[in-house]
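Visitor: Provided herewith: entry-v2.txt, compact mmCIF, C-alpha atoms.
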# COMPACT_ATOMS: atom_id res chain seq x y z
CA MET A 1 -15.40 -27.56 -23.63
CA ALA A 2 -13.12 -27.00 -20.67
CA ARG A 3 -14.02 -29.08 -17.63
CA ARG A 4 -14.89 -27.11 -14.56
CA PRO A 5 -15.19 -28.53 -11.05
CA GLY A 6 -18.55 -30.24 -10.73
CA ARG A 7 -19.26 -30.11 -14.44
CA ARG A 8 -18.67 -33.86 -14.83
CA PRO A 9 -20.32 -34.41 -18.24
CA GLY A 10 -18.80 -37.86 -18.54
CA ASN A 11 -20.04 -39.09 -15.15
CA PRO A 12 -22.91 -41.56 -15.52
CA ASN A 13 -24.15 -40.54 -12.07
CA THR A 14 -24.60 -36.90 -13.05
CA ARG A 15 -28.06 -37.40 -14.50
CA ASP A 16 -29.15 -39.22 -11.33
CA ALA A 17 -27.61 -36.51 -9.14
CA ILE A 18 -29.58 -33.85 -11.03
CA LEU A 19 -32.79 -35.90 -10.64
CA THR A 20 -32.25 -36.44 -6.92
CA THR A 21 -31.65 -32.72 -6.39
CA ALA A 22 -34.65 -31.80 -8.55
CA ARG A 23 -36.88 -34.13 -6.54
CA GLU A 24 -35.74 -32.55 -3.28
CA LEU A 25 -36.20 -28.96 -4.43
CA PHE A 26 -39.50 -29.51 -6.27
CA ALA A 27 -40.92 -31.36 -3.24
CA ASP A 28 -39.67 -28.69 -0.80
CA ARG A 29 -40.62 -25.54 -2.67
CA GLY A 30 -43.03 -26.52 -5.44
CA TYR A 31 -42.45 -26.54 -9.21
CA ASN A 32 -43.18 -22.85 -9.71
CA ASN A 33 -40.74 -21.74 -7.02
CA VAL A 34 -37.68 -23.59 -8.26
CA SER A 35 -35.51 -22.66 -11.27
CA VAL A 36 -33.33 -24.95 -13.34
CA ARG A 37 -30.43 -22.69 -12.35
CA GLN A 38 -31.09 -23.38 -8.64
CA ILE A 39 -31.25 -27.13 -9.24
CA ALA A 40 -28.02 -27.01 -11.25
CA ALA A 41 -26.26 -25.00 -8.52
CA ARG A 42 -27.39 -27.36 -5.78
CA ALA A 43 -26.35 -30.40 -7.88
CA ASN A 44 -23.02 -28.69 -8.56
CA VAL A 45 -23.39 -28.83 -12.36
CA ASP A 46 -23.81 -26.27 -15.12
CA ALA A 47 -27.40 -25.37 -16.00
CA ALA A 48 -26.61 -26.19 -19.65
CA LEU A 49 -25.98 -29.78 -18.60
CA VAL A 50 -29.42 -29.99 -17.03
CA TYR A 51 -30.92 -28.81 -20.34
CA HIS A 52 -28.67 -31.27 -22.17
CA TYR A 53 -30.20 -34.16 -20.22
CA PHE A 54 -33.79 -32.97 -19.80
CA ASP A 55 -34.46 -30.39 -22.52
CA THR A 56 -36.94 -28.30 -20.47
CA LYS A 57 -37.76 -27.67 -16.81
CA GLU A 58 -41.07 -29.41 -17.42
CA GLN A 59 -39.37 -32.54 -18.78
CA LEU A 60 -37.06 -32.50 -15.77
CA PHE A 61 -40.13 -32.41 -13.52
CA LEU A 62 -41.75 -35.32 -15.40
CA ALA A 63 -38.53 -37.31 -14.94
CA ALA A 64 -38.29 -36.30 -11.26
CA VAL A 65 -41.84 -37.53 -10.62
CA GLN A 66 -41.11 -40.61 -12.80
CA ALA A 67 -44.33 -39.80 -14.63
CA PRO A 68 -44.85 -42.35 -17.40
CA ILE A 69 -47.04 -39.92 -19.33
CA ASP A 70 -46.78 -36.32 -20.45
CA PRO A 71 -49.94 -34.61 -19.19
CA ALA A 72 -49.64 -31.87 -21.83
CA VAL A 73 -50.22 -34.43 -24.58
CA LEU A 74 -53.11 -36.16 -22.82
CA ILE A 75 -54.79 -32.91 -21.80
CA THR A 76 -54.77 -31.76 -25.43
CA GLN A 77 -56.48 -35.02 -26.43
CA ILE A 78 -59.05 -34.64 -23.65
CA LEU A 79 -59.91 -31.00 -24.32
CA ASP A 80 -59.97 -31.34 -28.11
CA GLY A 81 -63.49 -31.78 -29.43
CA ASP A 82 -67.03 -31.45 -28.10
CA PRO A 83 -66.86 -29.94 -24.57
CA GLU A 84 -69.81 -32.11 -23.50
CA GLU A 85 -67.64 -35.15 -24.15
CA ILE A 86 -64.72 -34.00 -22.00
CA PRO A 87 -65.67 -36.17 -18.98
CA GLY A 88 -65.97 -39.29 -21.15
CA ARG A 89 -62.66 -38.64 -22.90
CA LEU A 90 -60.95 -37.90 -19.57
CA VAL A 91 -62.13 -41.19 -18.05
CA ARG A 92 -61.25 -43.28 -21.14
CA ILE A 93 -57.77 -41.76 -21.50
CA PHE A 94 -57.07 -42.03 -17.75
CA LEU A 95 -58.09 -45.71 -17.72
CA SER A 96 -56.13 -46.44 -20.93
CA VAL A 97 -52.92 -45.23 -19.24
CA TRP A 98 -53.55 -47.75 -16.42
CA GLU A 99 -54.58 -50.54 -18.81
CA ASP A 100 -51.42 -50.26 -20.89
CA PRO A 101 -48.83 -52.77 -19.58
CA ILE A 102 -45.91 -50.31 -19.62
CA THR A 103 -47.53 -47.10 -18.39
CA GLY A 104 -49.87 -49.06 -16.10
CA GLN A 105 -46.94 -50.65 -14.30
CA ALA A 106 -45.27 -47.24 -13.94
CA MET A 107 -48.48 -45.67 -12.61
CA ARG A 108 -48.94 -48.45 -10.04
CA SER A 109 -45.36 -47.93 -8.94
CA LEU A 110 -45.89 -44.16 -8.72
CA LEU A 111 -49.08 -44.55 -6.70
CA ARG A 112 -47.35 -46.98 -4.32
CA ARG A 113 -44.47 -44.57 -3.78
CA ALA A 114 -46.80 -41.58 -3.38
CA ALA A 115 -48.79 -43.46 -0.73
CA SER A 116 -45.73 -44.47 1.29
CA ASP A 117 -43.17 -41.70 0.74
CA GLN A 118 -43.81 -38.08 1.75
CA GLN A 119 -41.45 -36.58 -0.84
CA THR A 120 -43.18 -38.42 -3.69
CA ALA A 121 -46.59 -37.39 -2.30
CA LEU A 122 -45.49 -33.74 -2.37
CA LEU A 123 -44.20 -34.11 -5.94
CA VAL A 124 -47.43 -35.75 -7.13
CA LYS A 125 -49.53 -33.07 -5.42
CA ASP A 126 -47.47 -30.30 -7.04
CA PHE A 127 -47.48 -32.14 -10.37
CA PHE A 128 -51.26 -32.28 -10.25
CA ALA A 129 -51.60 -28.58 -9.35
CA THR A 130 -49.14 -27.22 -11.90
CA GLN A 131 -49.04 -29.74 -14.76
CA VAL A 132 -52.69 -30.81 -14.74
CA VAL A 133 -54.90 -28.13 -13.18
CA GLY A 134 -52.59 -25.29 -14.24
CA ARG A 135 -52.62 -26.47 -17.85
CA VAL A 136 -56.34 -26.99 -18.03
CA LEU A 137 -57.13 -23.65 -16.41
CA PRO A 138 -56.59 -21.37 -19.42
CA THR A 139 -58.56 -23.65 -21.74
CA VAL A 140 -61.79 -24.26 -19.88
CA GLU A 141 -63.00 -20.71 -19.45
CA GLY A 142 -66.67 -20.56 -20.28
CA LEU A 143 -67.01 -24.21 -19.31
CA VAL A 144 -65.86 -24.04 -15.69
CA ASP A 145 -65.62 -20.95 -13.53
CA PRO A 146 -61.79 -20.67 -13.15
CA PRO A 147 -61.78 -20.20 -9.34
CA GLU A 148 -63.84 -23.40 -9.06
CA LEU A 149 -61.44 -25.52 -11.12
CA PRO A 150 -59.00 -26.55 -8.33
CA ILE A 151 -61.71 -28.00 -6.05
CA ARG A 152 -63.56 -29.58 -9.00
CA ALA A 153 -60.27 -31.07 -10.23
CA SER A 154 -59.46 -32.53 -6.82
CA LEU A 155 -62.90 -34.16 -6.63
CA VAL A 156 -62.29 -35.60 -10.12
CA ALA A 157 -58.91 -36.86 -8.90
CA SER A 158 -60.58 -38.49 -5.89
CA GLN A 159 -62.78 -40.63 -8.16
CA LEU A 160 -60.14 -41.38 -10.80
CA PHE A 161 -57.34 -42.25 -8.35
CA GLY A 162 -59.89 -44.19 -6.30
CA VAL A 163 -60.77 -46.37 -9.27
CA ALA A 164 -57.07 -46.82 -9.99
CA LEU A 165 -56.41 -47.85 -6.38
CA VAL A 166 -59.35 -50.24 -6.04
CA ARG A 167 -59.21 -51.73 -9.57
CA TYR A 168 -55.48 -51.89 -10.32
CA VAL A 169 -53.70 -51.91 -6.94
CA LEU A 170 -56.02 -53.48 -4.36
CA GLN A 171 -57.88 -55.39 -7.12
CA PHE A 172 -61.26 -55.57 -5.43
CA ASP A 173 -63.61 -58.00 -7.18
CA PRO A 174 -65.59 -57.62 -9.34
CA LEU A 175 -64.40 -54.09 -10.28
CA SER A 176 -60.95 -55.48 -11.10
CA ILE A 177 -62.33 -57.89 -13.71
CA ALA A 178 -64.99 -55.68 -15.35
CA THR A 179 -64.29 -54.35 -18.85
CA THR A 180 -62.71 -50.91 -19.15
CA GLU A 181 -65.69 -49.65 -21.15
CA SER A 182 -68.20 -50.73 -18.51
CA VAL A 183 -66.17 -49.10 -15.72
CA ALA A 184 -65.93 -45.90 -17.78
CA ALA A 185 -69.70 -45.91 -18.33
CA ALA A 186 -70.35 -46.17 -14.58
CA ILE A 187 -67.99 -43.41 -13.45
CA THR A 188 -68.22 -40.87 -16.31
CA PRO A 189 -71.41 -39.26 -14.89
CA THR A 190 -69.57 -38.78 -11.58
CA ILE A 191 -66.71 -37.02 -13.36
CA ALA A 192 -69.17 -34.90 -15.36
CA ARG A 193 -70.92 -33.84 -12.16
CA TYR A 194 -67.69 -32.93 -10.35
CA LEU A 195 -66.28 -31.04 -13.33
CA LEU A 196 -69.27 -29.33 -14.91
CA ASP A 197 -72.44 -29.48 -12.78
CA ASP A 198 -73.57 -26.00 -11.66
CA ASP A 199 -75.60 -27.55 -8.83
CA LEU A 200 -72.64 -29.35 -7.27
CA PRO A 201 -72.17 -28.18 -3.64
CA LEU A 202 -68.48 -27.24 -3.81
CA PRO A 203 -66.45 -28.34 -0.77
CA SER A 204 -64.92 -25.36 1.00
CA MET B 1 -52.05 -76.46 32.89
CA ALA B 2 -49.27 -78.76 31.73
CA ARG B 3 -46.98 -77.17 29.17
CA ARG B 4 -46.79 -78.91 25.83
CA PRO B 5 -44.19 -78.28 23.16
CA GLY B 6 -45.13 -75.17 21.23
CA ARG B 7 -47.76 -74.11 23.75
CA ARG B 8 -45.51 -71.30 25.09
CA PRO B 9 -48.19 -69.27 26.97
CA GLY B 10 -45.54 -67.22 28.71
CA ASN B 11 -43.72 -66.23 25.53
CA PRO B 12 -44.34 -62.60 24.64
CA ASN B 13 -43.64 -63.42 20.99
CA THR B 14 -46.42 -65.99 20.79
CA ARG B 15 -49.11 -63.42 20.03
CA ASP B 16 -46.97 -61.96 17.24
CA ALA B 17 -46.22 -65.41 15.86
CA ILE B 18 -49.95 -66.17 15.71
CA LEU B 19 -50.59 -62.85 13.95
CA THR B 20 -47.84 -63.40 11.40
CA THR B 21 -49.15 -66.87 10.61
CA ALA B 22 -52.74 -65.60 10.42
CA ARG B 23 -51.70 -62.87 7.99
CA GLU B 24 -49.97 -65.40 5.74
CA LEU B 25 -52.85 -67.87 5.71
CA PHE B 26 -55.63 -65.28 5.38
CA ALA B 27 -53.77 -63.57 2.51
CA ASP B 28 -53.02 -66.89 0.77
CA ARG B 29 -56.37 -68.62 1.11
CA GLY B 30 -58.92 -65.98 2.10
CA TYR B 31 -60.75 -65.56 5.43
CA ASN B 32 -63.47 -68.09 4.68
CA ASN B 33 -61.01 -70.82 3.72
CA VAL B 34 -58.86 -70.73 6.84
CA SER B 35 -59.76 -72.08 10.29
CA VAL B 36 -58.39 -71.01 13.65
CA ARG B 37 -57.25 -74.63 14.09
CA GLN B 38 -55.14 -74.41 10.90
CA ILE B 39 -53.57 -71.13 12.03
CA ALA B 40 -52.81 -72.61 15.46
CA ALA B 41 -51.25 -75.73 13.91
CA ARG B 42 -49.08 -73.68 11.53
CA ALA B 43 -48.02 -71.37 14.40
CA ASN B 44 -47.31 -74.45 16.55
CA VAL B 45 -49.64 -73.39 19.37
CA ASP B 46 -52.86 -74.72 20.82
CA ALA B 47 -56.08 -73.35 19.26
CA ALA B 48 -57.23 -72.43 22.78
CA LEU B 49 -54.32 -70.03 22.99
CA VAL B 50 -55.42 -68.28 19.79
CA TYR B 51 -58.87 -67.81 21.32
CA HIS B 52 -57.25 -66.65 24.56
CA TYR B 53 -55.48 -63.84 22.71
CA PHE B 54 -58.08 -62.95 20.07
CA ASP B 55 -61.44 -64.20 21.33
CA THR B 56 -62.89 -64.95 17.87
CA LYS B 57 -61.63 -65.72 14.37
CA GLU B 58 -63.09 -62.39 13.29
CA GLN B 59 -61.15 -60.48 15.96
CA LEU B 60 -58.00 -62.35 14.90
CA PHE B 61 -58.63 -61.19 11.33
CA LEU B 62 -59.14 -57.56 12.44
CA ALA B 63 -55.84 -57.75 14.32
CA ALA B 64 -54.10 -59.41 11.34
CA VAL B 65 -55.24 -56.61 9.02
CA GLN B 66 -54.40 -54.07 11.76
CA ALA B 67 -57.87 -52.63 11.19
CA PRO B 68 -58.40 -49.72 13.59
CA ILE B 69 -62.16 -50.17 13.40
CA ASP B 70 -64.60 -53.03 13.74
CA PRO B 71 -66.73 -52.95 10.59
CA ALA B 72 -69.54 -54.84 12.33
CA VAL B 73 -70.10 -51.91 14.69
CA LEU B 74 -69.93 -49.26 11.96
CA ILE B 75 -72.12 -51.22 9.55
CA THR B 76 -74.81 -51.47 12.21
CA GLN B 77 -74.68 -47.68 12.66
CA ILE B 78 -74.86 -47.13 8.89
CA LEU B 79 -77.75 -49.52 8.22
CA ASP B 80 -79.77 -48.47 11.27
CA GLY B 81 -82.45 -45.93 10.37
CA ASP B 82 -84.04 -44.54 7.20
CA PRO B 83 -82.72 -46.57 4.21
CA GLU B 84 -82.73 -43.40 2.08
CA GLU B 85 -80.13 -41.95 4.43
CA ILE B 86 -77.73 -44.91 4.20
CA PRO B 87 -75.41 -43.20 1.66
CA GLY B 88 -75.13 -40.07 3.81
CA ARG B 89 -74.47 -42.05 7.00
CA LEU B 90 -71.92 -44.23 5.20
CA VAL B 91 -69.98 -41.19 3.94
CA ARG B 92 -70.09 -39.37 7.30
CA ILE B 93 -68.99 -42.42 9.31
CA PHE B 94 -66.25 -43.30 6.79
CA LEU B 95 -64.87 -39.74 6.89
CA SER B 96 -65.12 -39.58 10.70
CA VAL B 97 -62.83 -42.64 10.98
CA TRP B 98 -60.23 -40.79 8.86
CA GLU B 99 -60.72 -37.47 10.70
CA ASP B 100 -60.14 -39.02 14.12
CA PRO B 101 -56.45 -38.63 15.06
CA ILE B 102 -56.00 -42.21 16.30
CA THR B 103 -58.03 -44.19 13.77
CA GLY B 104 -57.09 -41.77 10.97
CA GLN B 105 -53.39 -42.40 11.53
CA ALA B 106 -53.99 -46.16 11.56
CA MET B 107 -56.05 -45.97 8.35
CA ARG B 108 -53.35 -43.94 6.56
CA SER B 109 -50.81 -46.51 7.66
CA LEU B 110 -53.04 -49.37 6.46
CA LEU B 111 -53.63 -47.70 3.08
CA ARG B 112 -49.89 -47.13 2.65
CA ARG B 113 -49.12 -50.75 3.43
CA ALA B 114 -51.93 -52.01 1.20
CA ALA B 115 -50.61 -49.91 -1.70
CA SER B 116 -47.03 -51.12 -1.32
CA ASP B 117 -47.27 -54.65 0.04
CA GLN B 118 -49.03 -57.47 -1.83
CA GLN B 119 -49.89 -59.48 1.31
CA THR B 120 -51.60 -56.49 2.92
CA ALA B 121 -53.44 -55.76 -0.35
CA LEU B 122 -54.78 -59.33 -0.37
CA LEU B 123 -55.84 -59.03 3.29
CA VAL B 124 -57.63 -55.72 2.69
CA LYS B 125 -59.38 -57.10 -0.39
CA ASP B 126 -60.54 -60.17 1.55
CA PHE B 127 -61.47 -58.01 4.53
CA PHE B 128 -63.65 -55.87 2.28
CA ALA B 129 -65.33 -58.89 0.65
CA THR B 130 -66.02 -60.86 3.84
CA GLN B 131 -66.27 -58.29 6.65
CA VAL B 132 -67.90 -55.43 4.74
CA VAL B 133 -69.80 -56.73 1.71
CA GLY B 134 -70.53 -60.10 3.33
CA ARG B 135 -71.98 -58.42 6.40
CA VAL B 136 -74.09 -55.94 4.50
CA LEU B 137 -75.46 -58.54 2.11
CA PRO B 138 -78.10 -60.13 4.38
CA THR B 139 -79.42 -56.77 5.55
CA VAL B 140 -79.99 -54.87 2.30
CA GLU B 141 -82.41 -57.20 0.58
CA GLY B 142 -85.22 -55.17 -0.91
CA LEU B 143 -82.90 -52.18 -1.17
CA VAL B 144 -80.19 -53.64 -3.40
CA ASP B 145 -80.48 -56.74 -5.58
CA PRO B 146 -78.07 -59.11 -3.72
CA PRO B 147 -76.12 -60.23 -6.84
CA GLU B 148 -75.49 -56.55 -7.62
CA LEU B 149 -74.07 -55.72 -4.20
CA PRO B 150 -70.41 -56.74 -4.81
CA ILE B 151 -69.97 -54.54 -7.90
CA ARG B 152 -71.94 -51.67 -6.31
CA ALA B 153 -69.82 -51.97 -3.16
CA SER B 154 -66.56 -51.88 -5.11
CA LEU B 155 -67.69 -48.71 -6.92
CA VAL B 156 -68.55 -47.21 -3.52
CA ALA B 157 -65.09 -48.24 -2.31
CA SER B 158 -63.50 -46.58 -5.35
CA GLN B 159 -64.99 -43.21 -4.40
CA LEU B 160 -64.49 -43.51 -0.63
CA PHE B 161 -60.89 -44.80 -0.80
CA GLY B 162 -60.23 -42.22 -3.52
CA VAL B 163 -61.30 -39.38 -1.24
CA ALA B 164 -59.20 -40.88 1.55
CA LEU B 165 -56.15 -41.10 -0.74
CA VAL B 166 -56.47 -37.62 -2.24
CA ARG B 167 -57.60 -35.79 0.92
CA TYR B 168 -55.67 -37.53 3.70
CA VAL B 169 -52.63 -39.14 2.05
CA LEU B 170 -51.70 -37.09 -1.03
CA GLN B 171 -53.41 -34.00 0.46
CA PHE B 172 -54.41 -32.34 -2.80
CA ASP B 173 -55.55 -28.75 -2.29
CA PRO B 174 -58.19 -27.57 -1.80
CA LEU B 175 -59.91 -30.90 -1.04
CA SER B 176 -57.52 -31.47 1.87
CA ILE B 177 -58.57 -28.26 3.62
CA ALA B 178 -62.33 -28.30 2.96
CA THR B 179 -64.64 -29.11 5.87
CA THR B 180 -65.71 -32.71 6.36
CA GLU B 181 -69.37 -31.75 5.99
CA SER B 182 -68.79 -30.01 2.66
CA VAL B 183 -66.84 -32.99 1.31
CA ALA B 184 -69.60 -35.32 2.47
CA ALA B 185 -72.22 -33.16 0.71
CA ALA B 186 -70.32 -33.33 -2.58
CA ILE B 187 -69.72 -37.09 -2.65
CA THR B 188 -72.88 -38.48 -1.01
CA PRO B 189 -74.89 -38.34 -4.29
CA THR B 190 -72.12 -40.37 -5.95
CA ILE B 191 -72.35 -43.02 -3.24
CA ALA B 192 -76.16 -43.03 -3.47
CA ARG B 193 -75.97 -43.57 -7.23
CA TYR B 194 -73.43 -46.42 -6.97
CA LEU B 195 -75.31 -48.15 -4.16
CA LEU B 196 -78.97 -47.63 -4.96
CA ASP B 197 -79.61 -46.20 -8.45
CA ASP B 198 -81.53 -48.65 -10.67
CA ASP B 199 -80.30 -46.83 -13.79
CA LEU B 200 -76.61 -47.26 -12.97
CA PRO B 201 -74.89 -49.18 -15.79
CA LEU B 202 -73.23 -51.92 -13.72
CA PRO B 203 -69.64 -52.71 -14.75
CA SER B 204 -69.31 -56.32 -15.87
As structure tokens, what does this structure read like?
Guide:
Amino acid sequence: MARRPGRRPGNPNTRDAILTTARELFADRGYNNVSVRQIAARANVDAALVYHYFDTKEQLFLAAVQAPIDPAVLITQILDGDPEEIPGRLVRIFLSVWEDPITGQAMRSLLRRAASDQQTALLVKDFFATQVVGRVLPTVEGLVDPPELPIRASLVASQLFGVALVRYVLQFDPLSIATTESVAAAITPTIARYLLDDDLPLPS
Amino acid sequence: MARRPGRRPGNPNTRDAILTTARELFADRGYNNVSVRQIAARANVDAALVYHYFDTKEQLFLAAVQAPIDPAVLITQILDGDPEEIPGRLVRIFLSVWEDPITGQAMRSLLRRAASDQQTALLVKDFFATQVVGRVLPTVEGLVDPPELPIRASLVASQLFGVALVRYVLQFDPLSIATTESVAAAITPTIARYLLDDDLPLPS
């Protein structure tokens, strides 16, 4: 292929430049309001090169957020099976990501950056809205009233991220040393209530 | 008073030097295992000067953690009155600290530092164990089995810090824009269950 200005396929910094630009645009405008073409133009590369490195816009977003997990895969695991068991599966899979040495380390790092850096906080917020809530939305009809899902999901996030913060980052005793199964047993009813309970007074 | 080496009462950096030393020793050894005399010796000042600046060891600890609130005052407010209403008062007072512009800003800053800096995380953990759980312990007998209080308190912390993280730091919609009262109504039953429910399966 003929080289064009800014095409730089042999430059090892090109991938990083694309990621930096993607982070800026996703954080500024939100995932749904940014195209791969816009990111490529701003990074001064061809859109085909972005696809070469990241395959899809979604994979580019995962890389931009430095997400150690692909929510699409986990959400399929959580939603697959008895709907009554969704809260239990959600809690177990969430905790298993944090327990795993590799993904756990990456999640702690992501939480630290999100707490201290505004751009990362915006990315994580948008990631949650589009890649988590947005993905679950079409699949839970009949289980959760769709307009209620965003507030229910953010209450769920408050308990799950709270356990992550207190158990894995701040390491409050004795929650930090309890078994994963016993922690899951204590918080699963909270998640079930936030996600599914018709009597929950929804914050508004 | 005669000046002695290291006494430096006129040095504007003395207060900061005491605080830095206090932070190191409290984080390394824990509040209960450090004396004001040890902090003074390590900071190369007279213990009387530490008391001059900070009044009590506890006030020195609050300053070392940069805690914008005195837990002793808030805990008294929370425990005072109908025991059944403790969870509701706890949630309302916790949220009011975060809603207030001055203390809210300081709490966000403290949470950010605790998430990203190991020394601050150790201070916050020790602060929670000694200044929060340790203070509540003598007053809740008959309400909570004392050996159960630390694990119940860390579950409570997981939900309260989780709401703080998701609502005030990451600002997930729509939890970030809901009224304080409506958020309190949704999470108070969770706090009641963690603190008081005999059927809660305690993590261990």
Visitor: One number please: atom CA of A:Ser204 to atom CA of A:Ala72, in Å, one decimal.
Guide: 28.2 Å
Visitor: Write out as a list of chain:residue names which residues come within 8 Å of stretch 177-194 of chain A when counting all atoms listed in the file, dropping same-chain ones fewer than 2 positions away.
Guide: A:Pro87, A:Gly88, A:Val91, A:Arg92, A:Leu95, A:Arg152, A:Ala153, A:Leu155, A:Val156, A:Gln159, A:Asp173, A:Pro174, A:Leu175, A:Leu196, A:Asp197, A:Leu200, B:Thr190, B:Leu200, B:Pro201, B:Leu202, B:Pro203, B:Ser204
Visitor: Tell me, counting all atoms listed in the file, for each residue of stretch 24-116 of chain A within 9 Å of stretch 104-113 of chain B, which pair of atoms is nearest and how far apart they are in Å to one decimal, in rows ordered by chain and increasing number, as a tab-separated table.
Guide:
residue	atom	partner	partner_atom	distance
A:Arg112	CA	B:Arg112	CA	7.4
A:Arg113	CA	B:Arg112	CA	8.8
A:Ala114	CA	B:Arg112	CA	8.8
A:Ala115	CA	B:Arg112	CA	5.1
A:Ser116	CA	B:Arg112	CA	5.1
Visitor: Okay, now the selection with C-alpha atoms, as a CSV table (one decimal), in the coordinates of the input?
Guide:
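This went into out39.csv:
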chain,number,residue,atom,x,y,z
A,112,ARG,CA,-47.4,-47.0,-4.3
A,113,ARG,CA,-44.5,-44.6,-3.8
A,114,ALA,CA,-46.8,-41.6,-3.4
A,115,ALA,CA,-48.8,-43.5,-0.7
A,116,SER,CA,-45.7,-44.5,1.3
Visitor: If I take atom CA of B:Arg15 and atom CA of B:Val50, how far is one from the other in Å, to one decimal?
Guide: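 Separation between atom CA of B:Arg15 and atom CA of B:Val50: 8.0 Å.
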Visitor: Which residue, B:Asp16, B:Asp145, B:Val169, B:Trp98, has the smallest gap to A:Gln119 when you use only C-alpha atoms?
Guide: B:Val169
Visitor: Every residue with an atom at most 10 Å from (-50.7, -34.4, -22.7) (file coordinates; only C-alpha atoms) is what I'm after, so could you write them as a PyMOL selection string?
Guide: chain A and resi 69-79+131-132+135
Visitor: What's the 9 Å shell around B:Leu170, counting only C-alpha atoms, without same-chain residues fewer than 5 positions away, as a ChimeraX atom specification?
Guide: /A:114-115,118,121-122,124-125 /B:164-165,176
Visitor: When you draw a straight line from atom CA of A:Val34 to atom CA of A:Tyr53, how long is it in Å?
Guide: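 Result for atom CA of A:Val34 versus atom CA of A:Tyr53: 17.6 Å, one decimal.
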Visitor: Kindly indicate which residue among A:Ala27, A:Val97, A:Val144, A:Val136 lies nearest to A:Ala64, using all atoms listed in the file for the distances.
Guide: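 Under the stated criterion, the closest residue is A:Ala27.
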Visitor: Taking (-30.6, -36.1, -9.0) in the file's coordinates, which residues come within 12 Å, counting only C-alpha atoms, written as a PyMOL selection string?
Guide: chain A and resi 12-26+39-45+50+53-54+60-61+63-65
Visitor: Measuring between only C-alpha atoms, which one of A:Ile102, A:Leu123, A:Ala129, A:Leu137 shows the shortest distance to A:Ser154?
Guide: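 Comparing A:Ile102, A:Leu123, A:Ala129, A:Leu137 against A:Ser154, the winner is A:Ala129.
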Visitor: Taking all atoms listed in the file into account, name the residue in A:Ala67, A:Val166, A:Leu143, A:Ala47 that is nearest to chain B.
Guide: A:Val166
Visitor: Quick one: what's the axis-aligned box for stretch 31-48 of chain A, all listed atoms, 6 Å on every side, centre and edges in Å to one decimal, as AutoDock Vina command-line options?
Guide:
--center_x -33.1 --center_y -26.1 --center_z -12.7 --size_x 32.2 --size_y 20.7 --size_z 25.9
Visitor: Could you check the closest approach to chain B for each of A:Arg29, A:His52, A:Arg167, A:Arg89 and tell me which residue wins, using only C-alpha atoms?
Guide: A:Arg167
